[in-house]
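K.L.:
Structure file input_27.txt (compact mmCIF, C-alpha atoms) right here:
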```
# COMPACT_ATOMS: atom_id res chain seq x y z
CA MET Z 1189 6.04 14.17 -50.25
CA PHE Z 1190 5.51 16.69 -47.47
CA GLY Z 1191 1.75 16.34 -47.42
CA PHE Z 1192 -0.32 15.95 -44.29
CA ASP Z 1193 -0.85 12.28 -43.34
CA VAL Z 1194 -4.03 11.90 -41.29
CA ARG Z 1195 -3.10 8.41 -40.05
CA VAL Z 1196 0.30 9.55 -38.74
CA ALA Z 1197 -1.32 12.60 -37.15
CA LYS Z 1198 -3.80 10.38 -35.29
CA ILE Z 1199 -0.98 8.14 -34.00
CA VAL Z 1200 1.07 11.14 -32.84
CA TRP Z 1201 -1.97 12.68 -31.16
CA THR Z 1202 -2.80 9.40 -29.39
CA VAL Z 1203 0.80 9.02 -28.16
CA PHE Z 1204 0.74 12.60 -26.92
CA LEU Z 1205 -2.53 12.11 -25.03
CA VAL Z 1206 -1.33 8.84 -23.45
CA SER Z 1207 1.96 10.47 -22.42
CA LEU Z 1208 0.10 13.46 -20.97
CA LEU Z 1209 -2.24 11.14 -19.06
CA LEU Z 1210 0.68 9.16 -17.62
CA PHE Z 1211 2.45 12.38 -16.61
CA ILE Z 1212 -0.65 13.75 -14.88
CA THR Z 1213 -1.21 10.40 -13.15
CA TYR Z 1214 2.38 10.40 -11.85
CA THR Z 1215 2.09 14.02 -10.72
CA ILE Z 1216 -1.09 13.46 -8.70
CA SER Z 1217 -0.24 9.90 -7.62
CA SER Z 1218 -0.72 10.71 -3.91
CA THR Z 1219 -4.21 12.03 -4.53
CA LEU Z 1220 -5.10 9.07 -6.73
CA LEU Z 1221 -3.86 6.70 -4.03
CA VAL Z 1222 -6.23 8.28 -1.52
CA VAL Z 1223 -9.09 7.91 -4.00
CA VAL Z 1224 -8.20 4.25 -4.60
CA PHE Z 1225 -8.20 3.51 -0.87
CA ALA Z 1226 -11.53 5.33 -0.60
CA ILE Z 1227 -12.93 3.08 -3.35
CA PHE Z 1228 -11.69 -0.01 -1.52
CA PHE Z 1229 -13.21 1.23 1.73
CA SER Z 1230 -16.49 1.83 -0.11
CA TYR Z 1231 -16.55 -1.78 -1.29
CA LEU Z 1232 -16.11 -2.95 2.30
CA LEU Z 1233 -19.14 -1.02 3.52
CA TYR Z 1234 -21.42 -1.16 0.51
CA PRO Z 1235 -22.91 -4.61 1.38
CA LEU Z 1236 -24.06 -3.14 4.71
CA VAL Z 1237 -25.57 -0.17 2.88
CA GLU Z 1238 -27.46 -2.52 0.55
CA LEU Z 1239 -28.70 -4.54 3.53
CA LEU Z 1240 -29.96 -1.42 5.26
CA GLU Z 1241 -31.55 -0.13 2.06
CA ARG Z 1242 -33.86 -3.15 1.99
CA VAL Z 1243 -35.48 -2.20 5.30
CA ARG Z 1244 -35.22 1.58 5.00
CA PRO Z 1245 -38.58 3.39 4.97
CA ARG Z 1246 -39.15 5.35 1.78
CA ARG Z 1247 -39.49 8.65 3.60
CA VAL Z 1248 -36.02 8.27 5.12
CA PRO Z 1249 -33.33 9.64 2.74
CA ARG Z 1250 -30.70 7.25 1.41
CA THR Z 1251 -28.01 9.53 2.84
CA VAL Z 1252 -29.20 8.72 6.36
CA SER Z 1253 -28.73 4.97 5.90
CA ILE Z 1254 -25.26 5.49 4.40
CA ALA Z 1255 -24.26 7.75 7.29
CA LEU Z 1256 -25.56 5.20 9.81
CA VAL Z 1257 -23.41 2.46 8.27
CA PHE Z 1258 -20.31 4.67 8.43
CA VAL Z 1259 -20.97 5.61 12.06
CA VAL Z 1260 -21.34 1.95 13.05
CA ALA Z 1261 -18.20 0.96 11.10
CA ILE Z 1262 -16.07 3.72 12.65
CA ALA Z 1263 -17.40 2.82 16.11
CA LEU Z 1264 -16.46 -0.85 15.60
CA VAL Z 1265 -12.94 0.14 14.51
CA ALA Z 1266 -12.62 2.38 17.57
CA VAL Z 1267 -13.78 -0.40 19.90
CA ALA Z 1268 -11.37 -2.90 18.33
CA GLY Z 1269 -8.55 -0.40 18.70
CA ALA Z 1270 -9.43 0.18 22.35
CA VAL Z 1271 -9.61 -3.55 23.11
CA PHE Z 1272 -6.48 -4.73 21.31
CA GLY Z 1273 -4.51 -1.54 20.71
CA GLY Z 1274 -3.29 -1.10 24.28
CA ARG Z 1275 -1.93 -4.63 24.60
CA ILE Z 1276 -0.31 -4.53 21.16
CA GLU Z 1277 1.35 -1.23 22.06
CA ASP Z 1278 2.67 -2.66 25.35
CA GLU Z 1279 4.10 -5.71 23.58
CA ALA Z 1280 5.72 -3.51 20.95
CA LEU Z 1281 7.35 -1.35 23.64
CA ARG Z 1282 8.61 -4.41 25.53
CA LEU Z 1283 10.03 -5.91 22.35
CA SER Z 1284 11.80 -2.68 21.38
CA GLU Z 1285 13.33 -2.50 24.86
CA GLN Z 1286 14.36 -6.15 25.18
CA LEU Z 1287 15.48 -6.99 21.65
CA PRO Z 1288 18.76 -5.00 21.70
CA GLU Z 1289 19.75 -6.68 24.99
CA LEU Z 1290 18.88 -10.11 23.63
CA ILE Z 1291 21.01 -9.55 20.54
CA LYS Z 1292 23.96 -8.20 22.53
CA ALA Z 1293 23.88 -11.00 25.10
CA ASN Z 1294 26.89 -13.32 24.97
CA ASN Z 1295 24.75 -16.44 25.15
CA PHE Z 1296 22.25 -15.17 22.61
CA ALA Z 1297 23.36 -17.62 19.93
CA ASP Z 1298 23.24 -20.58 22.31
CA ARG Z 1299 19.67 -19.77 23.35
CA ILE Z 1300 18.27 -20.12 19.85
CA PRO Z 1301 16.50 -23.50 19.80
CA LEU Z 1302 17.26 -25.83 16.90
CA PRO Z 1303 15.87 -29.26 15.98
CA GLU Z 1304 17.99 -32.19 17.13
CA PHE Z 1305 19.02 -33.17 13.61
CA MET Z 1306 20.42 -29.63 13.10
CA GLU Z 1307 22.43 -29.51 16.35
CA PRO Z 1308 25.66 -30.72 14.64
CA LEU Z 1309 25.36 -27.71 12.32
CA ARG Z 1310 24.73 -25.22 15.16
CA ALA Z 1311 28.23 -23.74 15.04
CA ARG Z 1312 28.06 -23.03 11.31
CA ILE Z 1313 24.51 -21.67 11.46
CA LEU Z 1314 25.26 -19.42 14.41
CA ALA Z 1315 28.50 -18.19 12.83
CA PHE Z 1316 26.51 -17.21 9.74
CA VAL Z 1317 23.85 -15.46 11.85
CA GLN Z 1318 26.47 -13.58 13.86
CA SER Z 1319 28.26 -12.46 10.70
CA GLN Z 1320 24.98 -11.17 9.27
CA LEU Z 1321 24.21 -9.33 12.50
CA ALA Z 1322 27.70 -7.83 12.53
CA SER Z 1323 27.42 -6.67 8.93
CA GLY Z 1324 23.99 -5.21 9.63
CA THR Z 1325 25.17 -3.13 12.58
CA ASP Z 1326 26.66 -0.48 10.29
CA LYS Z 1327 23.28 -0.10 8.58
CA ALA Z 1328 21.30 0.23 11.80
CA VAL Z 1329 21.66 4.00 12.21
CA PRO Z 1330 20.75 4.92 8.61
CA LEU Z 1331 17.84 2.48 8.75
CA ALA Z 1332 16.59 3.98 12.01
CA ARG Z 1333 16.91 7.47 10.55
CA GLN Z 1334 14.96 6.40 7.45
CA PHE Z 1335 12.28 4.80 9.61
CA GLY Z 1336 12.00 7.98 11.66
CA LEU Z 1337 11.56 10.08 8.55
CA GLY Z 1338 8.88 7.65 7.38
CA VAL Z 1339 7.01 8.03 10.67
CA VAL Z 1340 7.19 11.82 10.39
CA HIS Z 1341 5.90 11.62 6.80
CA VAL Z 1342 2.97 9.44 7.83
CA ALA Z 1343 2.18 11.71 10.77
CA SER Z 1344 2.14 14.73 8.46
CA ASN Z 1345 -0.40 13.00 6.21
CA LEU Z 1346 -2.85 11.87 8.88
CA ILE Z 1347 -5.40 14.07 7.14
CA TYR Z 1348 -5.73 11.24 4.61
CA VAL Z 1349 -7.14 9.01 7.35
CA VAL Z 1350 -10.00 11.50 7.62
CA LEU Z 1351 -10.34 11.99 3.88
CA VAL Z 1352 -10.72 8.30 3.03
CA PRO Z 1353 -14.02 7.80 4.93
CA ILE Z 1354 -15.35 11.13 3.63
CA LEU Z 1355 -14.54 10.24 0.03
CA SER Z 1356 -16.00 6.77 0.54
CA PHE Z 1357 -19.24 8.27 1.83
CA LEU Z 1358 -19.47 10.57 -1.20
CA LEU Z 1359 -18.62 7.75 -3.63
CA ILE Z 1360 -21.37 5.50 -2.30
CA LYS Z 1361 -23.83 8.40 -2.31
CA GLU Z 1362 -23.00 9.65 -5.82
CA ALA Z 1363 -22.12 6.35 -7.57
CA PRO Z 1364 -25.56 5.75 -9.21
CA ASP Z 1365 -25.70 9.28 -10.61
CA MET Z 1366 -22.09 9.13 -11.80
CA ARG Z 1367 -22.75 5.84 -13.61
CA ALA Z 1368 -25.90 7.16 -15.28
CA GLU Z 1369 -24.14 10.37 -16.31
CA MET Z 1370 -21.23 8.47 -17.84
CA PHE Z 1371 -23.47 6.10 -19.80
CA SER Z 1372 -25.49 9.02 -21.15
CA LEU Z 1373 -22.37 10.22 -23.00
CA LEU Z 1374 -21.80 6.88 -24.76
CA ASN Z 1375 -23.42 5.41 -27.83
CA LYS Z 1376 -25.28 2.12 -27.70
CA GLN Z 1377 -22.30 -0.05 -28.70
CA ASN Z 1378 -19.82 1.55 -26.28
CA LYS Z 1379 -22.44 1.62 -23.56
CA SER Z 1380 -22.79 -2.15 -23.76
CA LEU Z 1381 -19.01 -2.69 -23.73
CA TRP Z 1382 -18.30 -0.34 -20.83
CA GLY Z 1383 -21.30 -1.63 -18.95
CA ASP Z 1384 -19.88 -5.15 -19.08
CA ILE Z 1385 -16.42 -3.89 -18.07
CA ILE Z 1386 -17.78 -1.93 -15.11
CA ASP Z 1387 -19.87 -4.89 -13.96
CA ASP Z 1388 -16.85 -7.19 -14.11
CA LEU Z 1389 -14.67 -4.66 -12.28
CA ASP Z 1390 -17.36 -4.30 -9.65
CA VAL Z 1391 -17.35 -8.06 -9.04
CA LEU Z 1392 -13.55 -8.12 -9.04
CA LEU Z 1393 -13.04 -5.31 -6.53
CA SER Z 1394 -15.87 -6.36 -4.25
CA ARG Z 1395 -14.60 -9.94 -3.95
CA TYR Z 1396 -10.96 -8.91 -3.70
CA VAL Z 1397 -11.35 -6.27 -1.00
CA ARG Z 1398 -13.79 -8.26 1.12
CA ALA Z 1399 -11.63 -11.38 0.76
CA LEU Z 1400 -8.58 -9.44 1.96
CA LEU Z 1401 -10.49 -8.20 4.99
CA MET Z 1402 -11.76 -11.67 5.86
CA LEU Z 1403 -8.28 -13.18 5.38
CA SER Z 1404 -6.79 -10.50 7.60
CA ILE Z 1405 -9.34 -11.11 10.35
CA ALA Z 1406 -8.88 -14.89 10.07
CA THR Z 1407 -5.12 -14.51 10.33
CA PHE Z 1408 -5.36 -12.23 13.37
CA VAL Z 1409 -7.76 -14.56 15.21
CA SER Z 1410 -5.89 -17.77 14.28
CA TYR Z 1411 -2.42 -16.44 15.01
CA GLY Z 1412 -3.53 -14.70 18.19
CA MET Z 1413 -5.21 -17.79 19.63
CA ALA Z 1414 -2.54 -20.27 18.52
CA PHE Z 1415 0.41 -18.11 19.59
CA SER Z 1416 -1.19 -17.51 22.99
CA LEU Z 1417 -1.87 -21.24 23.51
CA LEU Z 1418 1.66 -22.13 22.41
CA GLY Z 1419 3.15 -19.52 24.73
CA VAL Z 1420 4.82 -17.55 21.94
CA PRO Z 1421 6.23 -14.23 23.21
CA TYR Z 1422 4.49 -11.08 21.95
CA ALA Z 1423 1.61 -13.19 20.60
CA LEU Z 1424 -0.87 -10.37 19.95
CA LEU Z 1425 1.78 -8.10 18.42
CA LEU Z 1426 2.84 -10.81 15.97
CA ALA Z 1427 -0.78 -11.61 15.15
CA GLY Z 1428 -1.54 -7.94 14.47
CA ALA Z 1429 1.52 -7.58 12.25
CA ALA Z 1430 0.55 -10.72 10.31
CA ALA Z 1431 -2.99 -9.39 9.85
CA LEU Z 1432 -1.72 -6.10 8.42
CA LEU Z 1433 0.82 -7.84 6.17
CA GLU Z 1434 -2.00 -10.00 4.80
CA PHE Z 1435 -3.04 -7.01 2.66
CA ILE Z 1436 0.25 -7.22 0.75
CA PRO Z 1437 -0.01 -10.10 -1.74
CA PHE Z 1438 2.55 -12.90 -1.66
CA ALA Z 1439 5.33 -10.94 0.08
CA GLY Z 1440 3.23 -9.92 3.10
CA PRO Z 1441 2.38 -13.39 4.47
CA LEU Z 1442 5.96 -14.54 3.87
CA ALA Z 1443 7.31 -11.55 5.79
CA ALA Z 1444 4.88 -12.30 8.64
CA VAL Z 1445 6.17 -15.89 8.89
CA VAL Z 1446 9.80 -14.76 8.96
CA LEU Z 1447 8.99 -12.08 11.55
CA ALA Z 1448 7.19 -14.51 13.86
CA VAL Z 1449 9.96 -17.12 13.72
CA LEU Z 1450 12.74 -14.56 14.21
CA VAL Z 1451 11.08 -12.81 17.14
CA ALA Z 1452 10.27 -16.13 18.80
CA GLY Z 1453 13.84 -17.35 18.24
CA PHE Z 1454 15.43 -14.14 19.52
CA SER Z 1455 13.23 -14.35 22.62
CA GLY Z 1456 14.45 -17.87 23.41
CA TYR Z 1457 11.19 -19.65 22.60
CA GLU Z 1458 11.81 -23.39 23.01
CA HIS Z 1459 9.15 -24.84 20.70
CA LEU Z 1460 9.99 -23.38 17.32
CA LEU Z 1461 9.07 -26.62 15.54
CA TRP Z 1462 5.53 -26.43 16.93
CA LEU Z 1463 5.31 -22.81 15.87
CA ILE Z 1464 6.60 -23.50 12.36
CA SER Z 1465 4.29 -26.52 12.04
CA PHE Z 1466 1.24 -24.46 12.96
CA ILE Z 1467 2.16 -21.65 10.57
CA PHE Z 1468 2.75 -24.14 7.75
CA ALA Z 1469 -0.60 -25.86 8.38
CA TYR Z 1470 -2.46 -22.55 8.54
CA ARG Z 1471 -0.84 -21.24 5.36
CA MET Z 1472 -1.77 -24.44 3.52
CA PHE Z 1473 -5.36 -24.11 4.72
CA GLN Z 1474 -5.58 -20.44 3.84
CA ASP Z 1475 -3.83 -20.59 0.45
CA TYR Z 1476 -5.61 -23.70 -0.85
CA VAL Z 1477 -8.98 -23.64 0.92
CA LEU Z 1478 -9.95 -20.29 2.44
CA ASN Z 1479 -8.39 -17.97 -0.13
CA PRO Z 1480 -9.88 -19.70 -3.23
CA TYR Z 1481 -13.27 -19.87 -1.50
CA LEU Z 1482 -13.31 -16.16 -0.67
CA MET Z 1483 -11.83 -14.98 -3.95
CA SER Z 1484 -13.99 -17.37 -6.00
CA GLU Z 1485 -13.68 -16.24 -9.63
CA GLY Z 1486 -13.11 -12.58 -8.86
CA VAL Z 1487 -9.32 -12.53 -9.28
CA GLU Z 1488 -7.74 -14.86 -11.84
CA VAL Z 1489 -4.10 -13.95 -12.54
CA SER Z 1490 -1.34 -16.45 -13.22
CA PRO Z 1491 1.37 -16.80 -10.53
CA LEU Z 1492 4.01 -15.62 -13.02
CA MET Z 1493 2.10 -12.41 -13.71
CA VAL Z 1494 1.51 -11.92 -9.99
CA ILE Z 1495 5.25 -12.04 -9.28
CA VAL Z 1496 6.03 -9.71 -12.19
CA GLY Z 1497 3.30 -7.35 -11.03
CA LEU Z 1498 4.63 -7.36 -7.47
CA LEU Z 1499 8.13 -6.47 -8.65
CA ALA Z 1500 6.82 -3.74 -10.95
CA GLY Z 1501 4.51 -2.41 -8.23
CA ASP Z 1502 7.40 -2.22 -5.78
CA GLN Z 1503 9.47 -0.22 -8.27
CA LEU Z 1504 6.63 2.15 -9.14
CA GLY Z 1505 4.91 2.71 -5.80
CA GLY Z 1506 6.61 0.82 -2.99
CA VAL Z 1507 4.25 -0.89 -0.54
CA ALA Z 1508 1.22 0.81 -2.11
CA GLY Z 1509 2.30 -0.44 -5.52
CA ILE Z 1510 2.62 -4.00 -4.23
CA PHE Z 1511 -0.82 -3.77 -2.64
CA LEU Z 1512 -2.42 -2.52 -5.86
CA SER Z 1513 -0.49 -4.73 -8.30
CA VAL Z 1514 -2.81 -7.76 -8.25
CA PRO Z 1515 -6.15 -5.89 -8.63
CA VAL Z 1516 -4.65 -3.63 -11.32
CA MET Z 1517 -3.43 -6.61 -13.34
CA ALA Z 1518 -6.76 -8.39 -12.91
CA ALA Z 1519 -8.58 -5.21 -14.01
CA LEU Z 1520 -6.39 -4.88 -17.11
CA LYS Z 1521 -7.10 -8.50 -17.92
CA ILE Z 1522 -10.85 -7.82 -17.70
CA VAL Z 1523 -10.60 -4.75 -19.96
CA PHE Z 1524 -8.58 -6.56 -22.63
CA ALA Z 1525 -10.80 -9.64 -22.47
CA ARG Z 1526 -14.00 -7.60 -22.85
CA ALA Z 1527 -12.51 -5.48 -25.65
CA ARG Z 1528 -11.40 -8.62 -27.50
CA ALA Z 1529 -14.81 -10.24 -27.06
CA SER Z 1530 -16.50 -7.10 -28.35
CA ARG Z 1531 -14.21 -6.98 -31.39
CA LEU Z 1532 -14.85 -10.65 -32.16
CA ALA Z 1533 -18.60 -10.11 -31.79
CA ARG Z 1534 -18.48 -7.18 -34.22
CA SER Z 1535 -16.45 -9.22 -36.70
CA ALA Z 1536 -18.92 -12.11 -36.47
CA ALA Z 1537 -21.84 -9.72 -36.95
CA LEU Z 1538 -20.21 -8.20 -40.04
CA GLU Z 1539 -19.54 -11.65 -41.47
CA ARG Z 1540 -23.17 -12.65 -40.94
CA GLU Z 1541 -24.35 -9.45 -42.63
CA ALA Z 1542 -22.04 -10.06 -45.59
CA GLN Z 1543 -23.22 -13.65 -45.85
CA ASP Z 1544 -26.87 -12.57 -45.73
CA ASP Z 1545 -26.23 -9.97 -48.43
CA ALA Z 1546 -24.53 -12.56 -50.62
CA GLU Z 1547 -27.39 -15.01 -50.15
CA SER Z 1548 -29.95 -12.30 -50.98
CA LEU Z 1549 -28.14 -11.60 -54.26
CA ILE Z 1550 -28.06 -15.29 -55.21
CA ILE Z 1551 -31.68 -16.03 -54.44
CA PRO Z 1552 -33.94 -14.57 -57.19
```
Rewrite the structure from the file as structure tokens, please.

P.N.:
Amino acid sequence: MFGFDVRVAKIVWTVFLVSLLLFITYTISSTLLVVVFAIFFSYLLYPLVELLERVRPRRVPRTVSIALVFVVAIALVAVAGAVFGGRIEDEALRLSEQLPELIKANNFADRIPLPEFMEPLRARILAFVQSQLASGTDKAVPLARQFGLGVVHVASNLIYVVLVPILSFLLIKEAPDMRAEMFSLLNKQNKSLWGDIIDDLDVLLSRYVRALLMLSIATFVSYGMAFSLLGVPYALLLAGAAALLEFIPFAGPLAAVVLAVLVAGFSGYEHLLWLISFIFAYRMFQDYVLNPYLMSEGVEVSPLMVIVGLLAGDQLGGVAGIFLSVPVMAALKIVFARARASRLARSAALEREAQDDAESLIIP
């Protein structure tokens, strides 16, 4: 009755190990987040490393080509920051200075342009907007204080900006040896399974990260050019914000649209319909043409699971959790699919062996 049950002991031990792993993961979540961003950064630069490896002389160490790629990438980021950073900063300062005055102005509500068919509803719409602004005034000071604490927290962790490229450099340099070392510890069956999983994850992450970068660049260029041609106030600032928000699935692009329309409306921009029409056309092109082309078959997650993952990611890790939710869910899907395929293959192999054994017994 009180004997030792091996099966129960294995279950308890497995639950204990999983719980311990989850606890350790939660405890070192900040460190793991830096490593994840380093992995993503590695996937951005690895195609350039491969391209340089094809023309690298044999006597030149591989480390030199990797370092050259990182130097060029950091230089390009610095140049882009020098070209666009100053203007974006000026527009942000002007907006922060002018927005409070625009909101407090007595004729602020009357200066918001509306389509002609919505003019009869102007009084109701503006009354609703004014009530929302009034109710939000009490939250302005706590929100500003929270934002200030967030800025201080980010400033205190600027060391991570330095660590990400360093870790990326080491990951690219050591990845082949790490893969070979890991496979050496596995048997033939597990080696095949984990090899397939790693290959699929490699395709997933490479397509996902590079697609996000290309979508971000496309959004910045398209919004910047269109907003400038349309005369939208703070065009480059809005384009830069939209490009950054492009890295947050689903919620990011929606927030960028709302931000652009609100800032343009608060600034008294008179052609909101043109602005909304352009944004709608661009989003249709990106979501149904550019995004599927760039993602290809790398990320295949149902919209329902994407929304659930976004909500769960927000609860677990905030903005970082939202950013990681889609690739994590796609990675879990790959692991379960490969494990299921491996189990079915083993079952089929066992059935064939049993059938062969039965046939060998029947045949004299």

K.L.:
Please report the interatomic distance between atom CA of Z:Leu1442 and atom CA of Z:Gln1503 in Å with one decimal.

P.N.:
19.1 Å

K.L.:
Counting all atoms listed in the file, figure out which residue out of Z:Leu1220, Z:Leu1460, Z:Ala1519, Z:Ala1280 gets nearest to Z:Val1445.

P.N.:
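Between Z:Leu1220, Z:Leu1460, Z:Ala1519, Z:Ala1280, the residue approaching Z:Val1445 most closely is Z:Leu1460.
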
K.L.:
Which residues are close to stretch 1227-1241 of chain Z, i.e. within 7 Å by all atoms listed in the file, leaving aside same-chain residues fewer than 4 positions away? Reply as number ranges by chain.

P.N.:
Z: 1223, 1253-1254, 1257, 1356, 1360, 1394, 1397-1398

K.L.:
For those residues, write C-alpha atoms to a file as a PDB file, in the frame of the given file.

P.N.:
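New file part-v7.pdb:
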```
ATOM      1  CA  VAL Z1223      -9.090   7.910  -4.000  1.00  0.00           C
ATOM      2  CA  SER Z1253     -28.730   4.970   5.900  1.00  0.00           C
ATOM      3  CA  ILE Z1254     -25.260   5.490   4.400  1.00  0.00           C
ATOM      4  CA  VAL Z1257     -23.410   2.460   8.270  1.00  0.00           C
ATOM      5  CA  SER Z1356     -16.000   6.770   0.540  1.00  0.00           C
ATOM      6  CA  ILE Z1360     -21.370   5.500  -2.300  1.00  0.00           C
ATOM      7  CA  SER Z1394     -15.870  -6.360  -4.250  1.00  0.00           C
ATOM      8  CA  VAL Z1397     -11.350  -6.270  -1.000  1.00  0.00           C
ATOM      9  CA  ARG Z1398     -13.790  -8.260   1.120  1.00  0.00           C
TER      10      ARG Z1398
END
```

K.L.:
State, in Å with one decimal place, the distance from atom CA of Z:Tyr1470 to atom CA of Z:Thr1407.

P.N.:
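According to the coordinates, atom CA of Z:Tyr1470 and atom CA of Z:Thr1407 are separated by 8.7 Å.
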
K.L.:
Mind giving me the straight-line distance from atom CA of Z:Arg1528 to atom CA of Z:Lys1198 in Å, one decimal?

P.N.:
21.9 Å

K.L.:
Considering all atoms listed in the file, state which residue in the set Z:Val1265, Z:Leu1355, Z:Ala1270, Z:Ile1199 is at the smallest distance from Z:Ala1226.

P.N.:
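That would be Z:Leu1355, the residue with the smallest distance to Z:Ala1226.
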
K.L.:
Nearest to Z:Leu1426 among Z:Arg1526, Z:Arg1471, Z:Arg1275, Z:Arg1531, with distances taken over all atoms listed in the file: which residue is it?

P.N.:
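Ranking Z:Arg1526, Z:Arg1471, Z:Arg1275, Z:Arg1531 by distance to Z:Leu1426, first place goes to Z:Arg1275.
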
K.L.:
Excluding stretch 1520-1525 of chain Z and any residue of its chain fewer than 6 positions from it, enumerate the residues within 8 Å of it, using only C-alpha atoms, and give them as a PyMOL selection string.

P.N.:
chain Z and resi 1385+1388-1389
